[in-house]
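Below is run-v2.cif, which holds mmCIF, C-alpha atoms.
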data_final
#
loop_
_atom_site.label_atom_id
_atom_site.label_comp_id
_atom_site.auth_asym_id
_atom_site.auth_seq_id
_atom_site.Cartn_x
_atom_site.Cartn_y
_atom_site.Cartn_z
CA MET N 556 -48.71 40.42 -46.24
CA SER N 557 -48.07 36.83 -45.34
CA LEU N 558 -46.44 35.96 -42.08
CA LYS N 559 -44.04 33.05 -41.88
CA ALA N 560 -43.59 31.13 -38.74
CA PRO N 561 -40.13 31.40 -37.25
CA PRO N 562 -37.98 28.34 -37.85
CA SER N 563 -38.14 25.77 -35.10
CA THR N 564 -35.23 25.18 -32.82
CA ALA N 565 -34.49 21.86 -34.47
CA GLU N 566 -34.54 23.39 -37.95
CA SER N 567 -32.43 26.40 -37.03
CA GLY N 568 -29.80 24.20 -35.44
CA ARG N 569 -29.34 22.01 -38.49
CA GLY N 570 -26.13 22.22 -40.34
CA ARG N 571 -25.49 21.76 -44.01
CA GLY N 572 -25.97 18.04 -43.72
CA GLY N 573 -29.45 18.48 -42.34
CA ARG N 574 -28.58 16.85 -39.03
CA ALA N 575 -28.41 18.51 -35.70
CA PRO N 576 -25.24 17.72 -33.76
CA GLY N 577 -25.91 17.46 -30.10
CA PRO N 578 -25.69 15.31 -27.00
CA VAL N 579 -27.37 12.39 -28.76
CA SER N 580 -24.52 11.93 -31.24
CA ARG N 581 -21.94 12.30 -28.47
CA ARG N 582 -23.66 9.67 -26.36
CA THR N 583 -23.74 7.38 -29.36
CA GLY N 584 -19.98 7.73 -29.77
CA ILE N 585 -19.34 6.81 -26.15
CA ALA N 586 -21.85 3.99 -26.34
CA ARG N 587 -19.88 2.46 -29.19
CA LEU N 588 -17.04 1.80 -26.75
CA GLY N 589 -19.34 -0.47 -24.78
CA PRO N 590 -17.93 -1.54 -21.39
CA LEU N 591 -14.34 -0.61 -22.38
CA PRO N 592 -14.20 2.61 -20.29
CA TRP N 593 -15.20 0.63 -17.21
CA ILE N 594 -12.89 -2.35 -17.65
CA ALA N 595 -9.92 -0.39 -19.03
CA PRO N 596 -8.35 0.15 -15.54
CA VAL N 597 -8.58 -3.58 -14.84
CA ILE N 598 -7.02 -4.42 -18.21
CA LEU N 599 -4.18 -1.98 -17.57
CA LEU N 600 -3.62 -3.46 -14.10
CA ILE N 601 -3.46 -7.01 -15.53
CA LEU N 602 -1.02 -5.88 -18.21
CA ALA N 603 1.21 -4.19 -15.62
CA VAL N 604 1.06 -6.84 -12.89
CA VAL N 605 0.75 -10.10 -14.86
CA VAL N 606 1.56 -9.83 -18.54
CA TRP N 607 4.57 -7.52 -18.39
CA PRO N 608 6.38 -9.51 -15.62
CA VAL N 609 5.86 -12.75 -17.59
CA ILE N 610 7.30 -11.18 -20.74
CA GLU N 611 10.24 -9.76 -18.78
CA LEU N 612 10.79 -13.14 -17.12
CA ILE N 613 10.93 -14.96 -20.45
CA ARG N 614 13.29 -12.31 -21.86
CA THR N 615 15.59 -12.63 -18.83
CA SER N 616 15.83 -16.41 -19.26
CA PHE N 617 17.59 -15.84 -22.61
CA LEU N 618 20.14 -13.38 -21.23
CA ASN N 619 23.55 -13.78 -19.67
CA ILE N 620 23.35 -11.79 -16.42
CA SER N 621 26.02 -11.45 -13.77
CA ILE N 622 25.33 -11.91 -10.07
CA ALA N 623 25.46 -8.13 -9.73
CA GLY N 624 22.61 -7.86 -12.26
CA LYS N 625 24.65 -6.61 -15.22
CA VAL N 626 23.49 -7.89 -18.62
CA ARG N 627 26.38 -9.38 -20.60
CA GLY N 628 24.53 -10.16 -23.78
CA SER N 629 22.33 -12.93 -25.09
CA ALA N 630 22.69 -16.48 -23.83
CA GLY N 631 20.29 -18.11 -26.28
CA THR N 632 18.93 -21.37 -24.88
CA ASP N 633 22.08 -22.08 -22.85
CA LYS N 634 20.35 -21.36 -19.54
CA PHE N 635 17.62 -23.90 -20.27
CA LYS N 636 20.21 -26.49 -21.30
CA LYS N 637 22.14 -25.86 -18.09
CA LEU N 638 18.95 -26.15 -16.07
CA PHE N 639 17.91 -29.46 -17.63
CA GLU N 640 21.41 -30.85 -17.00
CA GLU N 641 21.21 -30.16 -13.25
CA SER N 642 21.50 -33.45 -11.36
CA ASP N 643 18.68 -32.53 -8.96
CA PHE N 644 16.29 -31.16 -11.61
CA GLY N 645 14.32 -34.39 -12.09
CA SER N 646 13.88 -35.15 -8.40
CA VAL N 647 12.82 -31.56 -7.68
CA LEU N 648 10.10 -31.73 -10.35
CA PHE N 649 8.93 -35.11 -9.02
CA TRP N 650 8.62 -33.89 -5.44
CA THR N 651 6.93 -30.70 -6.62
CA VAL N 652 4.17 -32.73 -8.26
CA VAL N 653 3.88 -35.04 -5.22
CA TRP N 654 3.78 -32.05 -2.87
CA THR N 655 1.06 -30.31 -4.87
CA VAL N 656 -1.16 -33.36 -5.46
CA VAL N 657 -0.97 -34.66 -1.87
CA VAL N 658 -1.58 -31.29 -0.20
CA VAL N 659 -4.47 -30.33 -2.52
CA THR N 660 -6.11 -33.77 -2.27
CA VAL N 661 -5.94 -33.95 1.54
CA THR N 662 -7.06 -30.31 1.85
CA MET N 663 -10.13 -30.85 -0.34
CA LEU N 664 -11.17 -34.05 1.45
CA LEU N 665 -10.83 -32.50 4.91
CA SER N 666 -12.55 -29.31 3.74
CA LEU N 667 -15.51 -31.32 2.43
CA ALA N 668 -15.93 -32.93 5.83
CA LEU N 669 -15.51 -29.65 7.74
CA ALA N 670 -17.88 -27.77 5.43
CA GLN N 671 -20.51 -30.46 5.89
CA LEU N 672 -20.02 -30.27 9.67
CA PHE N 673 -20.22 -26.47 9.84
CA ASN N 674 -23.35 -26.55 7.69
CA GLN N 675 -25.16 -28.40 10.49
CA LYS N 676 -26.60 -26.76 13.58
CA PHE N 677 -24.80 -27.63 16.81
CA PRO N 678 -23.88 -25.80 20.03
CA GLY N 679 -20.80 -23.63 19.60
CA ARG N 680 -20.95 -23.65 15.81
CA ARG N 681 -20.18 -19.93 15.57
CA ILE N 682 -17.12 -20.26 17.81
CA ALA N 683 -15.89 -23.25 15.79
CA ARG N 684 -16.25 -21.28 12.57
CA TRP N 685 -14.29 -18.40 14.04
CA ALA N 686 -11.57 -20.76 15.27
CA LEU N 687 -11.12 -22.11 11.76
CA ILE N 688 -10.17 -18.62 10.53
CA ALA N 689 -7.09 -18.53 12.79
CA PRO N 690 -4.70 -20.44 10.45
CA TRP N 691 -5.80 -18.21 7.58
CA ALA N 692 -5.55 -14.96 9.56
CA ALA N 693 -2.05 -15.71 10.83
CA SER N 694 0.97 -15.22 8.60
CA VAL N 695 2.04 -18.38 6.77
CA LEU N 696 5.65 -17.60 7.64
CA MET N 697 4.82 -17.19 11.34
CA THR N 698 2.87 -20.46 11.34
CA SER N 699 5.76 -22.28 9.67
CA ILE N 700 8.30 -20.90 12.14
CA GLY N 701 6.01 -21.94 15.01
CA PHE N 702 5.88 -25.51 13.73
CA LYS N 703 9.65 -25.47 13.18
CA TRP N 704 10.25 -24.62 16.84
CA MET N 705 7.70 -27.23 17.90
CA LEU N 706 9.67 -29.86 15.96
CA ASN N 707 13.08 -28.68 17.17
CA GLN N 708 15.33 -31.58 18.15
CA THR N 709 16.63 -30.14 21.42
CA ALA N 710 13.89 -27.86 22.75
CA GLY N 711 10.86 -28.79 20.68
CA VAL N 712 7.53 -29.43 22.40
CA LEU N 713 6.90 -32.59 20.37
CA ASN N 714 10.14 -34.32 21.35
CA THR N 715 9.71 -33.28 25.00
CA LEU N 716 6.17 -34.64 25.12
CA MET N 717 7.02 -37.91 23.38
CA LEU N 718 10.03 -38.45 25.66
CA ASP N 719 7.90 -37.84 28.75
CA LEU N 720 5.30 -40.32 27.51
CA GLY N 721 7.98 -42.88 26.67
CA LEU N 722 7.04 -42.99 23.00
CA ILE N 723 10.62 -42.40 21.86
CA ASP N 724 14.01 -43.16 23.43
CA SER N 725 15.83 -40.08 22.15
CA SER N 726 15.01 -36.78 20.52
CA LYS N 727 14.42 -36.95 16.77
CA ASP N 728 15.44 -34.45 14.13
CA TRP N 729 12.05 -34.34 12.42
CA LEU N 730 13.10 -31.76 9.81
CA GLY N 731 16.62 -33.09 9.25
CA LYS N 732 15.59 -36.05 7.09
CA PRO N 733 13.41 -35.94 3.96
CA GLU N 734 11.29 -38.94 5.00
CA THR N 735 10.04 -37.08 8.08
CA ALA N 736 10.36 -33.50 6.86
CA TRP N 737 8.06 -33.92 3.85
CA PRO N 738 5.04 -35.22 5.85
CA TRP N 739 5.38 -32.42 8.42
CA MET N 740 5.64 -29.71 5.76
CA MET N 741 2.64 -31.17 3.95
CA ALA N 742 0.71 -31.15 7.21
CA VAL N 743 1.49 -27.45 7.71
CA ALA N 744 0.48 -26.70 4.11
CA VAL N 745 -2.86 -28.47 4.65
CA PHE N 746 -3.34 -26.65 7.96
CA VAL N 747 -2.99 -23.19 6.39
CA SER N 748 -5.05 -24.13 3.30
CA LEU N 749 -8.09 -25.49 5.15
CA PRO N 750 -9.84 -22.22 6.10
CA PHE N 751 -10.22 -20.78 2.60
CA THR N 752 -11.25 -24.08 1.02
CA THR N 753 -13.67 -24.96 3.82
CA TYR N 754 -15.44 -21.60 3.64
CA THR N 755 -15.59 -21.84 -0.16
CA LEU N 756 -17.33 -25.22 0.06
CA LEU N 757 -19.51 -24.03 2.95
CA ALA N 758 -20.72 -21.14 0.82
CA GLY N 759 -21.51 -23.63 -1.94
CA LEU N 760 -23.46 -25.86 0.45
CA GLN N 761 -25.57 -22.96 1.65
CA THR N 762 -26.67 -22.14 -1.90
CA ILE N 763 -28.28 -25.57 -2.38
CA PRO N 764 -32.08 -25.20 -2.03
CA GLN N 765 -33.62 -27.13 0.83
CA ASP N 766 -36.51 -28.11 -1.44
CA VAL N 767 -34.18 -30.48 -3.25
CA TYR N 768 -33.40 -32.32 -0.03
CA GLU N 769 -37.08 -32.45 0.87
CA ALA N 770 -37.84 -34.02 -2.50
CA SER N 771 -35.09 -36.60 -2.06
CA ARG N 772 -36.42 -37.59 1.38
CA ILE N 773 -39.92 -37.98 -0.03
CA ASP N 774 -38.51 -40.24 -2.76
CA GLY N 775 -36.92 -42.40 -0.07
CA ALA N 776 -33.26 -41.57 -0.78
CA GLY N 777 -30.78 -42.32 2.00
CA SER N 778 -28.16 -39.95 3.39
CA TRP N 779 -25.33 -41.29 1.23
CA GLN N 780 -27.48 -41.31 -1.93
CA THR N 781 -28.55 -37.73 -1.25
CA TYR N 782 -24.96 -36.61 -0.68
CA ARG N 783 -23.66 -38.40 -3.76
CA HIS N 784 -26.40 -37.52 -6.26
CA ILE N 785 -27.49 -34.11 -4.99
CA THR N 786 -24.93 -32.43 -2.73
CA LEU N 787 -21.76 -33.25 -4.64
CA PRO N 788 -23.09 -32.38 -8.14
CA MET N 789 -24.54 -29.07 -6.92
CA LEU N 790 -21.33 -28.35 -5.02
CA ARG N 791 -19.25 -28.81 -8.16
CA PRO N 792 -18.74 -25.08 -9.03
CA ALA N 793 -17.44 -24.27 -5.53
CA PHE N 794 -15.32 -27.43 -5.53
CA LEU N 795 -13.69 -26.49 -8.85
CA VAL N 796 -12.87 -23.01 -7.55
CA GLY N 797 -11.32 -24.47 -4.41
CA VAL N 798 -9.18 -26.99 -6.30
CA VAL N 799 -7.89 -24.54 -8.91
CA ILE N 800 -6.95 -21.86 -6.37
CA ASN N 801 -5.33 -24.47 -4.12
CA LEU N 802 -3.34 -25.89 -7.04
CA ILE N 803 -1.89 -22.49 -7.79
CA ASN N 804 -1.25 -21.55 -4.14
CA VAL N 805 0.29 -24.87 -3.10
CA PHE N 806 2.48 -25.11 -6.19
CA ASN N 807 3.80 -21.60 -5.57
CA SER N 808 4.14 -22.14 -1.81
CA PHE N 809 7.54 -20.91 -0.73
CA PRO N 810 7.43 -19.68 2.92
CA ILE N 811 6.52 -23.07 4.43
CA ILE N 812 9.44 -24.97 2.94
CA TRP N 813 11.94 -22.16 3.26
CA ALA N 814 11.08 -21.44 6.91
CA MET N 815 11.13 -25.08 7.98
CA THR N 816 14.02 -26.67 6.03
CA GLN N 817 15.24 -24.14 3.43
CA GLY N 818 14.94 -27.00 0.97
CA GLY N 819 17.75 -28.96 2.62
CA PRO N 820 19.69 -31.00 3.21
CA GLY N 821 20.90 -30.16 -0.28
CA TYR N 822 17.81 -30.13 -2.48
CA ASP N 823 16.13 -33.11 -0.77
CA THR N 824 13.14 -31.09 0.49
CA SER N 825 13.04 -28.52 -2.31
CA THR N 826 10.15 -27.84 -4.63
CA SER N 827 10.69 -26.05 -7.91
CA MET N 828 10.01 -22.69 -6.24
CA VAL N 829 12.75 -23.22 -3.64
CA PHE N 830 15.04 -24.64 -6.33
CA MET N 831 14.50 -21.49 -8.41
CA TYR N 832 15.28 -19.27 -5.41
CA LYS N 833 18.52 -21.10 -4.70
CA LEU N 834 19.64 -20.91 -8.34
CA LYS N 835 19.58 -17.11 -8.27
CA GLU N 836 22.60 -17.16 -5.95
CA THR N 837 24.77 -18.60 -8.74
CA ASP N 838 23.01 -17.83 -12.04
CA ILE N 839 20.17 -15.34 -12.47
CA GLY N 840 19.49 -16.45 -16.03
CA GLU N 841 19.14 -20.08 -14.99
CA SER N 842 16.84 -19.04 -12.15
CA ALA N 843 14.70 -17.16 -14.68
CA ALA N 844 14.62 -20.28 -16.86
CA MET N 845 13.38 -22.26 -13.85
CA SER N 846 10.69 -19.62 -13.35
CA VAL N 847 9.50 -20.15 -16.93
CA VAL N 848 9.34 -23.90 -16.29
CA ASN N 849 7.36 -23.25 -13.09
CA PHE N 850 4.90 -21.07 -14.97
CA LEU N 851 4.37 -23.74 -17.62
CA MET N 852 4.04 -26.49 -15.01
CA VAL N 853 1.29 -24.75 -13.05
CA VAL N 854 -0.59 -23.99 -16.27
CA VAL N 855 -0.33 -27.64 -17.32
CA LEU N 856 -1.49 -28.88 -13.89
CA VAL N 857 -4.53 -26.60 -13.95
CA LEU N 858 -5.40 -27.56 -17.54
CA ILE N 859 -5.08 -31.27 -16.72
CA PHE N 860 -7.42 -30.90 -13.78
CA LEU N 861 -9.95 -28.89 -15.78
CA LYS N 862 -9.83 -31.49 -18.55
CA VAL N 863 -10.31 -34.40 -16.16
CA SER N 864 -13.06 -32.64 -14.20
CA ARG N 865 -14.89 -31.57 -17.40
CA TRP N 866 -15.52 -28.21 -15.80
CA ASN N 867 -17.53 -26.77 -18.72
CA GLU N 868 -19.96 -29.68 -19.00
CA GLU N 869 -23.33 -29.71 -17.32
CA ASP N 870 -24.40 -32.70 -15.22
#
How does this structure look as structure tokens?
Amino acid sequence: MSLKAPPSTAESGRGRGGRAPGPVSRRTGIARLGPLPWIAPVILLILAVVVWPVIELIRTSFLNISIAGKVRGSAGTDKFKKLFEESDFGSVLFWTVVWTVVVVTVTMLLSLALAQLFNQKFPGRRIARWALIAPWAASVLMTSIGFKWMLNQTAGVLNTLMLDLGLIDSSKDWLGKPETAWPWMMAVAVFVSLPFTTYTLLAGLQTIPQDVYEASRIDGAGSWQTYRHITLPMLRPAFLVGVVINLINVFNSFPIIWAMTQGGPGYDTSTSMVFMYKLKETDIGESAAMSVVNFLMVVVLVLIFLKVSRWNEED
């Protein structure tokens, strides 16, 4: 009598197709999804927080909505036509571009200098670094209100000090006229933007290997040549991040202008964000149309900068 060996576990578990279903096939199915299970929450968050509001905003700009928020049907492109026919629309766009370019440019230049300073060793460096965080840690609205009171015509510290020193004959309304209000608001915007940008550039400086500087000194390069041909090119990634984030933040800056002048007198100190906010008091659809224009403007500004800076090209 011949004895047959019992079937192996693998053979006994085979189905009609000759393949054994098990954990391996299940793992293969999950593996086919790749990183999707891990990034799915982020994708859903972006869809809910970014994409859906933009779609809803565009849809609202084509509706006729009452001040109470009741939809009265489609308005077609009438809201955009009404917006473009506003007498202050052109000047608001002009000052928005000036506001953004000036604040971002001054912020980046000052941040380059501060980052270079804080990258050096000097007594009290740690305290100076901590002090720089103060404008960033404080609320932008609180900072703006503080500057507003400092510039107050009757009880402001600035007028009191300048009168005591004999620099002016009478108190000035610094925020009552566009020619003086704009520079002060830009100064506040630069003040609150400096900490983030400075620390971004400082982090970039600290990633540059010291061997590169040693090699440049051996080759006889001067300080300016080293900074221009080594520091700035290697600082480019951090610089691009700082500029792009500042472009978006400064363009969308609302608390500074609203707290200090509320965009007045009239629309003389209004950017497109303040202009949009004021329009909602009379026409929600037109305000939504202005929001669409704002969205397109900030995208265009960022794309122009990325094109000019050639961000995806290697030096």
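With all atoms listed in the file as the atoms that count, the minimum distance from Ser748 of chain N to the choices N:Gly797, N:Gly819, N:Gly775, N:Gly679 is reached by N:Gly797.
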- Query: Using all atoms listed in the file, which residue out of N:Ala814, N:Met705, N:Leu730, N:Val857 lies closest to Val796 of chain N?
  - Reply: N:Val857
Go through segment 653-725 of chain N residue by residue and, counting all atoms listed in the file, keep those with an atom at most 8 Å from segment 756-765 of chain N; for each kept residue give the shortest atom pair and its distance in Å to one decimal, ordered by chain and increasing number, as a Markdown table.
| residue | atom | partner | partner_atom | distance |
| --- | --- | --- | --- | --- |
| N:Ser666 | CA | N:Leu756 | CA | 7.3 |
| N:Leu667 | CA | N:Leu756 | CA | 6.8 |
| N:Ala670 | CA | N:Leu757 | CA | 4.8 |
| N:Gln671 | CA | N:Leu757 | CA | 7.1 |
| N:Phe673 | CA | N:Leu757 | CA | 7.3 |
| N:Asn674 | CA | N:Leu757 | CA | 6.6 |
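Distances here use only C-alpha atoms; by that measure, the residue among N:Leu664, N:Val743, N:Ala603, N:Val657 closest to Pro690 of chain N is N:Val743.
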Using all atoms listed in the file, which residues sit within 8 Å of segment 776-791 of chain N once same-chain residues fewer than 2 positions away are excluded, as a PDB file with C-alpha atoms, in the coordinates of the input?
ATOM      1  CA  LEU N 756     -17.330 -25.220   0.060  1.00  0.00           C
ATOM      2  CA  GLY N 759     -21.510 -23.630  -1.940  1.00  0.00           C
ATOM      3  CA  LEU N 760     -23.460 -25.860   0.450  1.00  0.00           C
ATOM      4  CA  ILE N 763     -28.280 -25.570  -2.380  1.00  0.00           C
ATOM      5  CA  VAL N 767     -34.180 -30.480  -3.250  1.00  0.00           C
ATOM      6  CA  TYR N 768     -33.400 -32.320  -0.030  1.00  0.00           C
ATOM      7  CA  SER N 771     -35.090 -36.600  -2.060  1.00  0.00           C
ATOM      8  CA  ARG N 772     -36.420 -37.590   1.380  1.00  0.00           C
ATOM      9  CA  ILE N 773     -39.920 -37.980  -0.030  1.00  0.00           C
ATOM     10  CA  ASP N 774     -38.510 -40.240  -2.760  1.00  0.00           C
ATOM     11  CA  ALA N 793     -17.440 -24.270  -5.530  1.00  0.00           C
ATOM     12  CA  PHE N 794     -15.320 -27.430  -5.530  1.00  0.00           C
ATOM     13  CA  LEU N 795     -13.690 -26.490  -8.850  1.00  0.00           C
ATOM     14  CA  ASP N 870     -24.400 -32.700 -15.220  1.00  0.00           C
TER      15      ASP N 870
END
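Interatomic distance, atom CA of Pro810 of chain N against atom CA of Thr660 of chain N: 20.2 Å.
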- Message: I'd like the contact shell of Lys636 of chain N - 12 Å cut-off, all atoms listed in the file, skipping same-chain residues fewer than 2 positions apart - returned as an MDAnalysis selection string.
- Response: chainID N and resid 616:617 630:634 638:641 644 840:841 844:845
- Task: Apply the PyMOL selection byres ((chain N and resi 843) around 10) to the file shown and report the selected residues as an MDAnalysis selection string.
- Result: chainID N and resid 611:618 634:635 831:832 834:835 838:842 844:849
- Item | Between atom CA of Asn801 of chain N and atom CA of Leu669 of chain N, distance in Å (one decimal) | 16.5 Å
- Message: Residue by residue, what does the PyMOL selection byres ((chain N and resi 643) around 12) grab here? Present the result as a ChimeraX atom specification.
- Response: /N:637-642,644-650,818,821-827,830-831,834
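Across N:Ile610, N:Val605, N:Met663, N:Ile598, the tightest approach to Leu749 of chain N is made by N:Met663 when counting only C-alpha atoms.
Using all atoms listed in the file, every residue with an atom at most 12 Å from the point (3.6, -20.2, -2.3) is listed here: Thr651, Trp654, Thr655, Val695, Leu696, Ala744, Val747, Ser748, Ile800, Asn801, Leu802, Ile803, Asn804, Val805, Phe806, Asn807, Ser808, Phe809, Pro810, Ile811, Ile812, Trp813, Ala814, Thr826, Ser827, Met828, Val829, Asn849 and Val853 of chain N.
Separating atom CA of Ser699 of chain N from atom CA of Trp739 of chain N is a distance of 10.2 Å.
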- Item | Counting only C-alpha atoms, the option among N:Met741, N:Ala736, N:Leu861, N:Met815 closest to Val798 of chain N | N:Leu861
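Of the residues under consideration (N:Pro738, N:Leu665, N:Gly711, N:Ala693), N:Leu665 shows the shortest atom-to-atom contact distance to Thr752 of chain N when counting only C-alpha atoms.
Once the PyMOL selection byres ((chain N and resi 713) around 12) is applied to this file, the selection holds Gly701, Phe702, Lys703, Trp704, Met705, Leu706, Asn707, Gln708, Thr709, Ala710, Gly711, Val712, Asn714, Thr715, Leu716, Met717, Leu718, Asp719, Leu720, Leu722, Ile723, Ser725, Ser726, Lys727, Asp728 and Trp729 of chain N.
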